[in-house]
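Participant: Once you've had a glance at the structure underneath, I'll fire off some questions.
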Amino acid sequence: MNRITALAATVALAAGSLALTAPTQAAPARAYKVTAKANLEVAVAKEDTVKVRGRVTPKAAGQKVVLQQRVGNKKTWKATGKATIKRNGTYVLKDKPTTPGSREYRVLKPGKGAVKKGYSKALEVQVYGWEKLINRVSGPSVNLEPAYVYIGAEAYPSSLATTTSGTPSSIEYTLGRKCTDLRATYALTDSSATGSSGAATVTADGEVLAVHSLAVGTIVADEVLDVTDVFRLKLDLSTTATPAAVAAVATPEVLCTR
């Protein structure tokens, strides 16, 4: 064996030795990939159902995914529902919010065997809820107080009614740009005298949203006004002194988030 042949054999032997002693690297562990999409970005508490749909890969038919959510500024996630993954890898999760406020949803697929757990991206949903206007702290109020009134022989609790006929009446509420709708009925109450009359005006940040002329038997029922981005709401009522009238904003509610 000449010197060149011997050197080549030595190099080959050394390379083989290194190959035998090199540590083997384990393949990276897989994790479930979870996609998710919500049917709503804005929901109404106790009315709307948020549906979260998505897909899990690798497929895990018959296994469970978990719906998690966190409300407002909370840091922890809370499990609020489960669903079974279908044969094609898809799932549907549902939640019906009961309280207003911003919240996030995400979907967890727990680990199984050699596949680690996976999470979907977080989905933000803004939830609004109807609340009685008289339960909010009011601003200036003149000749107008919370009352239980009758209009057209029907009872309207949680209402606002004038106290002295013939005297201008008003009340203000701060919505703080956190509400989107005002819902109320405007009328003279059944205690008003025949032939009496009145008027109701709704103003938002100085802009008139609605004006209603009122008489016995005239009812503006369940009117919904847009108060999106309104900071201060004002209600003005007027009535005749003779014949005496009582005007009411019956069961007013606002649709607000926290």
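Residues are referred to by chain and number: the chain letter is A, B, ... according to the order shown in the structure tokens, the number counts from 1 in that chain, and ligands are numbered separately from 1 in the order shown.
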What's the 8 Å shell around Leu214 (chain A), counting only C-alpha atoms, without same-chain residues fewer than 4 positions away, as a PyMOL selection string?

Facilitator: chain A and resi 186-188+197-200+218-219+247

Participant: Please identify which residues in region 19-246 of chain A DSSP calls strand (DSSP E) from the backbone, and express them as number ranges by chain.

Facilitator: A: 30-31, 33-34, 37-38, 42-44, 50-57, 64-71, 78-84, 90-95, 101-109, 115-116, 118-119, 123-132, 138-142, 144-151, 154-162, 169-174, 179-188, 197-204, 207-215, 219-226, 232-239

Participant: Would you work out the distance separating CA of Ser165 (chain A) from CA of Leu225 (chain A), expressed in Å to one decimal?

Facilitator: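 Pair CA of Ser165 (chain A) / CA of Leu225 (chain A) returns 26.7 Å.
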
Participant: Skip Gly195 (chain A) itself and residues of its chain fewer than 2 positions away, then list as a list in words all residues within 12 Å of it, counting only C-alpha atoms.

Facilitator: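 Close residues of Gly195 (chain A): Leu188, Ser192, Ala193, Ser197, Gly198, Leu214, Ala215, Val216, Gly217, Thr218, Thr239, Thr240, Ala241, Thr242, Pro243, Ala244 and Ala245 of chain A.
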
Participant: Keeping all heavy atoms for every residue in the selection just given, could you write it to a file as a compact mmCIF listing (two decimals), in the first residue's frame?

Facilitator:
# COMPACT_ATOMS: atom_id res chain seq x y z
N LEU A 188 -98.95 60.13 26.98
CA LEU A 188 -99.58 60.64 28.19
C LEU A 188 -100.12 59.46 28.96
O LEU A 188 -100.61 58.48 28.37
CB LEU A 188 -100.72 61.60 27.83
CG LEU A 188 -100.36 62.88 27.08
CD1 LEU A 188 -101.60 63.76 26.95
CD2 LEU A 188 -99.22 63.63 27.75
N SER A 192 -104.07 61.24 32.76
CA SER A 192 -104.23 62.54 32.09
C SER A 192 -105.71 62.80 31.76
O SER A 192 -106.45 61.86 31.44
CB SER A 192 -103.40 62.58 30.80
OG SER A 192 -102.03 62.38 31.09
N ALA A 193 -106.10 64.06 31.81
CA ALA A 193 -107.49 64.44 31.53
C ALA A 193 -107.76 64.40 30.03
O ALA A 193 -106.87 64.66 29.21
CB ALA A 193 -107.77 65.83 32.08
N SER A 197 -102.78 67.57 26.47
CA SER A 197 -101.75 67.27 25.47
C SER A 197 -100.37 67.50 26.06
O SER A 197 -100.22 68.01 27.18
CB SER A 197 -101.94 68.14 24.21
OG SER A 197 -101.81 69.51 24.55
N GLY A 198 -99.36 67.15 25.28
CA GLY A 198 -98.00 67.33 25.74
C GLY A 198 -97.03 67.07 24.60
O GLY A 198 -97.42 66.91 23.44
N LEU A 214 -97.93 64.66 21.92
CA LEU A 214 -98.65 63.65 22.69
C LEU A 214 -100.07 64.10 22.99
O LEU A 214 -100.31 65.28 23.25
CB LEU A 214 -97.91 63.35 24.00
CG LEU A 214 -96.43 62.96 23.88
CD1 LEU A 214 -95.83 62.77 25.27
CD2 LEU A 214 -96.28 61.69 23.05
N ALA A 215 -100.98 63.15 22.97
CA ALA A 215 -102.37 63.38 23.35
C ALA A 215 -102.90 62.08 23.95
O ALA A 215 -102.31 61.01 23.78
CB ALA A 215 -103.21 63.80 22.14
N VAL A 216 -104.03 62.17 24.65
CA VAL A 216 -104.63 60.97 25.23
C VAL A 216 -104.98 60.00 24.11
O VAL A 216 -105.66 60.36 23.14
CB VAL A 216 -105.89 61.32 26.06
CG1 VAL A 216 -106.58 60.05 26.54
CG2 VAL A 216 -105.51 62.20 27.24
N GLY A 217 -104.47 58.79 24.20
CA GLY A 217 -104.71 57.79 23.17
C GLY A 217 -103.63 57.71 22.12
O GLY A 217 -103.63 56.79 21.29
N THR A 218 -102.70 58.66 22.12
CA THR A 218 -101.57 58.63 21.18
C THR A 218 -100.36 58.01 21.88
O THR A 218 -99.91 58.53 22.90
CB THR A 218 -101.20 60.04 20.70
OG1 THR A 218 -102.34 60.61 20.04
CG2 THR A 218 -100.03 60.01 19.74
N THR A 239 -96.33 69.50 29.25
CA THR A 239 -97.73 69.11 29.38
C THR A 239 -98.61 70.34 29.57
O THR A 239 -98.15 71.40 30.03
CB THR A 239 -97.94 68.17 30.58
OG1 THR A 239 -97.47 68.84 31.78
CG2 THR A 239 -97.20 66.86 30.41
N THR A 240 -99.87 70.20 29.24
CA THR A 240 -100.84 71.27 29.52
C THR A 240 -101.23 71.22 31.00
O THR A 240 -101.28 70.16 31.61
CB THR A 240 -102.08 71.11 28.65
OG1 THR A 240 -102.63 69.79 28.84
CG2 THR A 240 -101.75 71.31 27.18
N ALA A 241 -101.50 72.42 31.54
CA ALA A 241 -101.94 72.50 32.94
C ALA A 241 -103.45 72.29 33.04
O ALA A 241 -103.95 71.69 34.00
CB ALA A 241 -101.55 73.84 33.54
N THR A 242 -104.16 72.81 32.03
CA THR A 242 -105.62 72.68 32.00
C THR A 242 -106.05 72.40 30.56
O THR A 242 -105.84 73.25 29.69
CB THR A 242 -106.32 73.95 32.49
OG1 THR A 242 -105.82 74.30 33.78
CG2 THR A 242 -107.82 73.76 32.56
N PRO A 243 -106.58 71.22 30.26
CA PRO A 243 -106.74 70.05 31.15
C PRO A 243 -105.37 69.50 31.56
O PRO A 243 -104.42 69.57 30.80
CB PRO A 243 -107.51 69.05 30.30
CG PRO A 243 -108.09 69.83 29.15
CD PRO A 243 -107.13 70.96 28.92
N ALA A 244 -105.31 68.96 32.76
CA ALA A 244 -104.04 68.48 33.31
C ALA A 244 -103.58 67.20 32.63
O ALA A 244 -104.36 66.29 32.36
CB ALA A 244 -104.20 68.23 34.81
N ALA A 245 -102.29 67.14 32.35
CA ALA A 245 -101.71 65.96 31.70
C ALA A 245 -100.48 65.49 32.44
O ALA A 245 -99.78 66.29 33.09
CB ALA A 245 -101.35 66.29 30.25

Participant: Which neighbours of Asn73 (chain A) fall inside 12 Å, counting only C-alpha atoms, when residues of the same chain fewer than 3 positions from it are skipped, and could you give them as a list in words?

Facilitator: Gln69, Arg70, Thr76, Trp77, Gly101, Ser102, Arg103, Glu104 and Arg258 of chain A

Participant: Enter the distance from CA of Thr189 (chain A) to CA of Leu160 (chain A), in Å, rounded to one decimal.

Facilitator: 10.8 Å

Participant: Which neighbours of region 95-100 of chain A fall inside 8 Å, counting only C-alpha atoms, when residues of the same chain fewer than 6 positions from it are skipped, and could you give them as a ChimeraX atom specification?

Facilitator: /A:44-51,80-81,126-129,256-258

Participant: Go ahead and save the picked residues with N, CA, C and O atoms, as a PDB file, in the first residue's frame.

Facilitator:
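The result, stored in result16.pdb:
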ATOM      1  N   VAL A  44     -75.364  40.934  21.409  1.00  0.00           N
ATOM      2  CA  VAL A  44     -76.236  41.463  22.455  1.00  0.00           C
ATOM      3  C   VAL A  44     -76.429  40.380  23.512  1.00  0.00           C
ATOM      4  O   VAL A  44     -76.828  39.253  23.194  1.00  0.00           O
ATOM      5  N   ALA A  45     -76.124  40.713  24.767  1.00  0.00           N
ATOM      6  CA  ALA A  45     -76.220  39.755  25.859  1.00  0.00           C
ATOM      7  C   ALA A  45     -77.640  39.219  25.986  1.00  0.00           C
ATOM      8  O   ALA A  45     -78.619  39.959  25.847  1.00  0.00           O
ATOM      9  N   LYS A  46     -77.759  37.919  26.223  1.00  0.00           N
ATOM     10  CA  LYS A  46     -79.015  37.196  26.429  1.00  0.00           C
ATOM     11  C   LYS A  46     -79.858  37.089  25.157  1.00  0.00           C
ATOM     12  O   LYS A  46     -80.961  36.557  25.206  1.00  0.00           O
ATOM     13  N   GLU A  47     -79.341  37.597  24.042  1.00  0.00           N
ATOM     14  CA  GLU A  47     -80.088  37.517  22.783  1.00  0.00           C
ATOM     15  C   GLU A  47     -79.306  36.772  21.702  1.00  0.00           C
ATOM     16  O   GLU A  47     -79.854  35.898  21.029  1.00  0.00           O
ATOM     17  N   ASP A  48     -78.052  37.119  21.524  1.00  0.00           N
ATOM     18  CA  ASP A  48     -77.249  36.536  20.447  1.00  0.00           C
ATOM     19  C   ASP A  48     -76.424  35.351  20.920  1.00  0.00           C
ATOM     20  O   ASP A  48     -76.018  35.278  22.093  1.00  0.00           O
ATOM     21  N   THR A  49     -76.149  34.439  19.991  1.00  0.00           N
ATOM     22  CA  THR A  49     -75.280  33.289  20.253  1.00  0.00           C
ATOM     23  C   THR A  49     -74.014  33.428  19.421  1.00  0.00           C
ATOM     24  O   THR A  49     -74.079  33.585  18.191  1.00  0.00           O
ATOM     25  N   VAL A  50     -72.877  33.398  20.080  1.00  0.00           N
ATOM     26  CA  VAL A  50     -71.590  33.436  19.387  1.00  0.00           C
ATOM     27  C   VAL A  50     -71.220  32.008  18.974  1.00  0.00           C
ATOM     28  O   VAL A  50     -71.171  31.111  19.812  1.00  0.00           O
ATOM     29  N   LYS A  51     -70.990  31.812  17.678  1.00  0.00           N
ATOM     30  CA  LYS A  51     -70.594  30.504  17.170  1.00  0.00           C
ATOM     31  C   LYS A  51     -69.158  30.584  16.658  1.00  0.00           C
ATOM     32  O   LYS A  51     -68.835  31.421  15.821  1.00  0.00           O
ATOM     33  N   THR A  80     -65.478  27.348  28.852  1.00  0.00           N
ATOM     34  CA  THR A  80     -66.925  27.570  28.885  1.00  0.00           C
ATOM     35  C   THR A  80     -67.688  26.647  27.946  1.00  0.00           C
ATOM     36  O   THR A  80     -68.904  26.801  27.795  1.00  0.00           O
ATOM     37  N   GLY A  81     -67.028  25.700  27.330  1.00  0.00           N
ATOM     38  CA  GLY A  81     -67.753  24.790  26.443  1.00  0.00           C
ATOM     39  C   GLY A  81     -66.838  23.789  25.779  1.00  0.00           C
ATOM     40  O   GLY A  81     -65.621  23.983  25.713  1.00  0.00           O
ATOM     41  N   GLN A 126     -67.321  42.172  21.090  1.00  0.00           N
ATOM     42  CA  GLN A 126     -67.846  43.218  21.969  1.00  0.00           C
ATOM     43  C   GLN A 126     -69.307  42.900  22.270  1.00  0.00           C
ATOM     44  O   GLN A 126     -70.116  42.760  21.357  1.00  0.00           O
ATOM     45  N   VAL A 127     -69.633  42.780  23.552  1.00  0.00           N
ATOM     46  CA  VAL A 127     -70.983  42.388  23.954  1.00  0.00           C
ATOM     47  C   VAL A 127     -71.704  43.578  24.591  1.00  0.00           C
ATOM     48  O   VAL A 127     -71.180  44.218  25.503  1.00  0.00           O
ATOM     49  N   TYR A 128     -72.904  43.859  24.078  1.00  0.00           N
ATOM     50  CA  TYR A 128     -73.747  44.913  24.621  1.00  0.00           C
ATOM     51  C   TYR A 128     -74.937  44.284  25.342  1.00  0.00           C
ATOM     52  O   TYR A 128     -75.315  43.148  25.054  1.00  0.00           O
ATOM     53  N   GLY A 129     -75.533  45.032  26.267  1.00  0.00           N
ATOM     54  CA  GLY A 129     -76.694  44.534  27.004  1.00  0.00           C
ATOM     55  C   GLY A 129     -77.696  45.642  27.255  1.00  0.00           C
ATOM     56  O   GLY A 129     -77.315  46.803  27.464  1.00  0.00           O
ATOM     57  N   CYS A 256     -75.921  49.079  26.020  1.00  0.00           N
ATOM     58  CA  CYS A 256     -74.588  49.585  26.343  1.00  0.00           C
ATOM     59  C   CYS A 256     -73.616  48.439  26.626  1.00  0.00           C
ATOM     60  O   CYS A 256     -74.007  47.333  26.976  1.00  0.00           O
ATOM     61  N   THR A 257     -72.349  48.769  26.495  1.00  0.00           N
ATOM     62  CA  THR A 257     -71.297  47.884  26.973  1.00  0.00           C
ATOM     63  C   THR A 257     -70.725  48.511  28.234  1.00  0.00           C
ATOM     64  O   THR A 257     -71.123  49.577  28.644  1.00  0.00           O
ATOM     65  N   ARG A 258     -69.806  47.811  28.864  1.00  0.00           N
ATOM     66  CA  ARG A 258     -69.264  48.340  30.124  1.00  0.00           C
ATOM     67  C   ARG A 258     -68.413  49.565  29.879  1.00  0.00           C
ATOM     68  O   ARG A 258     -67.790  49.702  28.860  1.00  0.00           O
TER      69      ARG A 258
END

Participant: Neighbours of Ala122 (chain A) within 12 Å (only C-alpha atoms; same-chain residues fewer than 2 positions away dropped), as a ChimeraX atom specification?

Facilitator: /A:34-38,52,67-70,77,103-108,119-120,124-125

Participant: Show which residues sit within 7 Å of Arg177 (chain A), as a PyMOL selection string. Count only C-alpha atoms, and ignore same-chain residues fewer than 5 positions away.

Facilitator: chain A and resi 228-231

Participant: Output N, CA, C and O atoms for every residue in that selection, as a PDB file, in the first residue's frame.

Facilitator:
ATOM      1  N   THR A 228     -75.326  55.973  19.213  1.00  0.00           N
ATOM      2  CA  THR A 228     -73.918  55.606  19.082  1.00  0.00           C
ATOM      3  C   THR A 228     -73.031  56.835  19.256  1.00  0.00           C
ATOM      4  O   THR A 228     -73.262  57.879  18.649  1.00  0.00           O
ATOM      5  N   ASP A 229     -72.026  56.708  20.081  1.00  0.00           N
ATOM      6  CA  ASP A 229     -71.041  57.761  20.344  1.00  0.00           C
ATOM      7  C   ASP A 229     -71.633  58.981  21.051  1.00  0.00           C
ATOM      8  O   ASP A 229     -71.032  60.050  21.070  1.00  0.00           O
ATOM      9  N   VAL A 230     -72.806  58.837  21.654  1.00  0.00           N
ATOM     10  CA  VAL A 230     -73.410  59.943  22.411  1.00  0.00           C
ATOM     11  C   VAL A 230     -72.830  59.983  23.829  1.00  0.00           C
ATOM     12  O   VAL A 230     -72.756  58.951  24.498  1.00  0.00           O
ATOM     13  N   PHE A 231     -72.440  61.169  24.264  1.00  0.00           N
ATOM     14  CA  PHE A 231     -71.913  61.305  25.620  1.00  0.00           C
ATOM     15  C   PHE A 231     -73.025  61.654  26.605  1.00  0.00           C
ATOM     16  O   PHE A 231     -73.159  61.032  27.645  1.00  0.00           O
TER      17      PHE A 231
END

Participant: Using CA of Glu172 (chain A) and CA of Ala221 (chain A) as the two end points, give the distance in Å to one decimal.

Facilitator: 21.2 Å

Participant: Please determine, counting only C-alpha atoms, which residue among A:Leu123, A:Val227, A:Val208, A:Asn39 has the shortest atom-to-atom distance to Val71 (chain A).

Facilitator: A:Leu123

Participant: Ranking A:Ala184, A:Val149, A:Val220, A:Val142 by minimum distance to Ile171 (chain A) and counting only C-alpha atoms, which one comes first?

Facilitator: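 Answer, going by the shortest atom-to-atom distance: A:Val142.
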